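model-v7.txt, holding compact mmCIF, C-alpha atoms:
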# COMPACT_ATOMS: atom_id res chain seq x y z
CA MET A 157 -3.14 14.52 -2.92
CA ILE A 158 -2.09 10.99 -3.86
CA ASN A 159 -0.51 11.89 -7.20
CA ASP A 160 2.06 13.94 -5.31
CA ILE A 161 3.51 10.83 -3.66
CA LYS A 162 3.40 8.24 -6.43
CA PHE A 163 6.98 7.61 -7.51
CA PHE A 164 6.54 4.51 -9.62
CA LYS A 165 5.76 4.54 -13.32
CA ASN A 166 2.17 4.14 -14.34
CA LEU A 167 1.60 0.63 -15.56
CA THR A 168 -0.24 -0.26 -18.73
CA ASP A 169 -3.71 -1.72 -18.44
CA ARG A 170 -2.33 -5.10 -19.48
CA GLU A 171 0.41 -5.00 -16.84
CA VAL A 172 -2.12 -4.16 -14.13
CA VAL A 173 -4.70 -6.73 -15.22
CA GLU A 174 -2.05 -9.46 -15.20
CA ASN A 175 -1.61 -8.93 -11.45
CA ASN A 176 -3.20 -11.34 -9.03
CA PRO A 177 -6.49 -9.73 -7.92
CA LEU A 178 -5.46 -10.14 -4.28
CA ASN A 179 -2.30 -8.15 -5.01
CA LEU A 180 -4.47 -5.40 -6.45
CA ALA A 181 -6.58 -5.56 -3.29
CA PHE A 182 -3.43 -5.37 -1.15
CA ILE A 183 -2.42 -2.12 -2.86
CA GLY A 184 -6.00 -0.85 -2.91
CA ASP A 185 -6.38 -1.38 0.82
CA ALA A 186 -3.29 0.73 1.51
CA VAL A 187 -4.36 3.47 -0.91
CA TRP A 188 -7.92 3.62 0.48
CA THR A 189 -6.67 3.71 4.07
CA MET A 190 -4.27 6.53 3.27
CA LEU A 191 -6.98 8.56 1.52
CA VAL A 192 -9.40 8.18 4.44
CA ARG A 193 -6.74 9.07 6.98
CA GLU A 194 -5.63 12.08 4.99
CA TYR A 195 -9.21 13.27 4.67
CA PHE A 196 -9.87 13.17 8.42
CA CYS A 197 -6.52 14.74 9.25
CA GLN A 198 -7.39 17.65 6.96
CA HIS A 199 -11.01 18.05 8.08
CA THR A 200 -10.88 17.52 11.85
CA ASN A 201 -8.84 18.54 14.84
CA PHE A 202 -9.28 15.17 16.53
CA LYS A 203 -6.52 13.60 18.55
CA ASN A 204 -4.80 10.48 17.28
CA ASN A 205 -6.97 7.96 19.14
CA ASN A 206 -10.18 9.55 17.88
CA LEU A 207 -8.77 9.76 14.35
CA HIS A 208 -8.01 6.07 14.48
CA LYS A 209 -11.52 5.17 15.67
CA LEU A 210 -13.08 7.36 13.01
CA THR A 211 -10.88 6.04 10.22
CA THR A 212 -11.41 2.38 11.04
CA LYS A 213 -15.13 2.77 10.44
CA TYR A 214 -14.42 3.46 6.75
CA VAL A 215 -11.65 0.97 6.14
CA LYS A 216 -13.53 -2.03 7.53
CA ALA A 217 -14.86 -4.74 5.25
CA VAL A 218 -18.49 -3.89 6.04
CA TYR A 219 -18.11 -0.30 4.80
CA GLN A 220 -16.00 -1.29 1.81
CA ALA A 221 -18.65 -3.83 0.74
CA GLN A 222 -21.23 -1.03 0.84
CA ALA A 223 -18.83 1.25 -1.04
CA LEU A 224 -18.62 -1.24 -3.88
CA GLU A 225 -22.42 -1.25 -4.08
CA THR A 226 -22.44 2.56 -4.20
CA LEU A 227 -19.92 2.61 -7.05
CA GLN A 228 -21.37 -0.35 -8.96
CA GLU A 229 -23.21 1.63 -11.62
CA ASP A 230 -20.17 3.88 -12.16
CA LEU A 231 -17.70 1.07 -12.77
CA THR A 232 -16.39 0.41 -16.26
CA GLU A 233 -16.60 -3.10 -17.67
CA LYS A 234 -12.89 -3.56 -16.93
CA GLU A 235 -13.37 -2.44 -13.31
CA LYS A 236 -16.35 -4.79 -12.94
CA ASP A 237 -14.18 -7.60 -14.27
CA ILE A 238 -11.44 -6.78 -11.76
CA ALA A 239 -14.05 -6.77 -8.97
CA ARG A 240 -15.47 -10.12 -10.15
CA ARG A 241 -12.02 -11.72 -10.36
CA ALA A 242 -11.16 -10.51 -6.85
CA ARG A 243 -14.47 -11.71 -5.44
CA ASN A 244 -13.99 -15.18 -6.97
CA THR A 245 -10.36 -15.63 -5.87
CA LYS A 246 -9.84 -18.24 -3.18
CA MET A 247 -9.02 -16.53 0.10
CA ASN A 248 -7.28 -18.09 3.06
CA THR A 249 -8.37 -15.46 5.57
CA VAL A 250 -11.70 -14.03 6.62
CA SER A 251 -12.53 -10.87 8.52
CA LYS A 252 -13.58 -11.41 12.10
CA ASN A 253 -16.05 -8.51 11.88
CA ALA A 254 -17.70 -9.26 8.54
CA SER A 255 -19.40 -12.11 6.78
CA LEU A 256 -17.60 -13.99 4.02
CA TYR A 257 -19.90 -12.25 1.52
CA GLU A 258 -18.97 -8.80 2.86
CA TYR A 259 -15.29 -9.71 3.00
CA LYS A 260 -15.26 -10.82 -0.65
CA LYS A 261 -17.08 -7.63 -1.73
CA ALA A 262 -14.63 -5.54 0.30
CA THR A 263 -11.75 -7.32 -1.40
CA SER A 264 -13.38 -6.55 -4.74
CA PHE A 265 -13.61 -2.87 -3.78
CA GLU A 266 -9.96 -2.81 -2.74
CA ALA A 267 -8.92 -4.52 -6.00
CA VAL A 268 -10.71 -1.86 -8.04
CA ILE A 269 -9.01 0.89 -6.04
CA GLY A 270 -5.65 -0.85 -6.53
CA TYR A 271 -6.31 -1.25 -10.26
CA VAL A 272 -7.14 2.44 -10.72
CA TYR A 273 -4.18 3.50 -8.61
CA LEU A 274 -1.66 1.36 -10.48
CA LEU A 275 -2.96 2.71 -13.77
CA GLY A 276 -2.19 6.18 -12.44
CA ASP A 277 -5.77 7.31 -13.10
CA PHE A 278 -5.92 9.75 -10.20
CA ASP A 279 -8.92 11.60 -11.59
CA ARG A 280 -10.86 8.35 -11.46
CA LEU A 281 -9.59 7.62 -7.96
CA LYS A 282 -10.62 11.12 -6.87
CA TYR A 283 -14.07 10.63 -8.43
CA PHE A 284 -14.56 7.43 -6.41
CA PHE A 285 -13.29 9.05 -3.24
CA ASP A 286 -15.43 12.16 -3.66
CA LYS A 287 -18.54 10.07 -4.20
CA LEU A 288 -17.87 7.92 -1.15
CA SER A 289 -16.58 10.64 1.16
CA LYS A 290 -20.04 12.20 1.31
CA ASP A 291 -20.57 9.66 4.11
CA PHE A 292 -17.70 11.23 6.02
CA PHE A 293 -19.26 14.70 6.31
CA VAL A 294 -21.59 13.53 9.05
CA GLU A 295 -18.60 12.39 11.10
CA VAL A 296 -16.70 15.66 10.65
CA LYS A 297 -19.63 17.71 11.96
CA LYS A 298 -19.89 15.71 15.19
Show the structure stored in the file as C-alpha cells.
Amino acid sequence: MINDIKFFKNLTDREVVENNPLNLAFIGDAVWTMLVREYFCQHTNFKNNNLHKLTTKYVKAVYQAQALETLQEDLTEKEKDIARRARNTKMNTVSKNASLYEYKKATSFEAVIGYVYLLGDFDRLKYFFDKLSKDFFVEVKK
C-alpha cells in the first residue's frame, strides 16, 4: 500500500511537529484521497465517473469532520495536539459544502493523517484507514 511509494526519509517527531499545521493538512489531504481512491479501485469495477462520485463522498469536509470524531478516542495526546493546532490555525478559505466548524474539524483530521504519514508510521495510518473504511463497505455492495 502506501509504504511502497514513500520515497522520502521518515522525519523525526520534532521535525514533523515543527511544520505548519496547514502544511500537515495539505499532505494529509493528498494521502487520504489516495487511500480512498486506491480502496475503491481495488474493491469495485466501477467506471471512472462513478469512482470519482464515490470517492468524493469520503474526501469531503463533512465526512472528514465525522472521521475525526470516530478516531477521537484512539488519538494519542500528540495527535490530539496536532488536531487542536490545525483547528485553531487561521484559515483564509472555507469549504462551500461545509460549515466553518466542519471545515476546521476536517482540516484537523487531514493534519493528523499528514502527521502520521510524515512520521512514516504506516501501521498507524492503516489502523485509522481500516477503522474508517468500514463505512465504505456499504458503497461497495451497491
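Here the question is which of A:Asn204, A:Arg170, A:Tyr273, A:Thr263 gets nearest to A:Thr249 using all atoms listed in the file, and that residue is A:Thr263.
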- Message: Restricting the calculation to all atoms listed in the file: of A:Thr212, A:Thr226, A:Ala181, A:Val272, which residue gets closest to A:Phe196?
- Response: A:Thr212
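As for atom CA of A:Val172 and atom CA of A:Met247, they are spaced 20.1 Å apart.
When all atoms listed in the file are used to compute distances to A:Glu174, the closest of the residues A:Ala262, A:Leu274, A:Val187, A:Ile269 turns out to be A:Leu274.
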- Who sits within 8 Å of A:Ile183, all atoms listed in the file, same chain under 6 positions skipped, as a ChimeraX atom specification: /A:266-267,269-270
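With distances taken over all atoms listed in the file, A:Ala221 is the one residue among A:Tyr271, A:Asp279, A:Asp237, A:Ala221 lying closest to A:Tyr257.
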- Smallest atom-to-atom distance to A:Leu210: which of A:Tyr259, A:Phe265, A:Phe292, A:Tyr283, using all atoms listed in the file? A:Phe292
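We find atom CA of A:Glu225 and atom CA of A:Phe202 to be spaced 29.4 Å apart.
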- Might you pull out every residue within 8 Å of A:Arg243, with only C-alpha atoms counted and same-chain residues fewer than 6 positions away left off, and present them as number ranges by chain? A: 260-261, 263-264
- Item | atom CA of A:Leu224 to atom CA of A:Asn244, straight-line distance in Å | 15.0 Å
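For the choices A:Asp291, A:Leu275, A:Ser251, A:Lys282, the atom-to-atom distance to A:Lys216 is smallest for A:Ser251 when using only C-alpha atoms.
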- Any idea what's packed within 8 Å of A:Phe284, counting only C-alpha atoms, ignoring anything in its chain fewer than 4 positions away? Could you give it as a list in words? Leu227, Arg280 and Leu288 of chain A
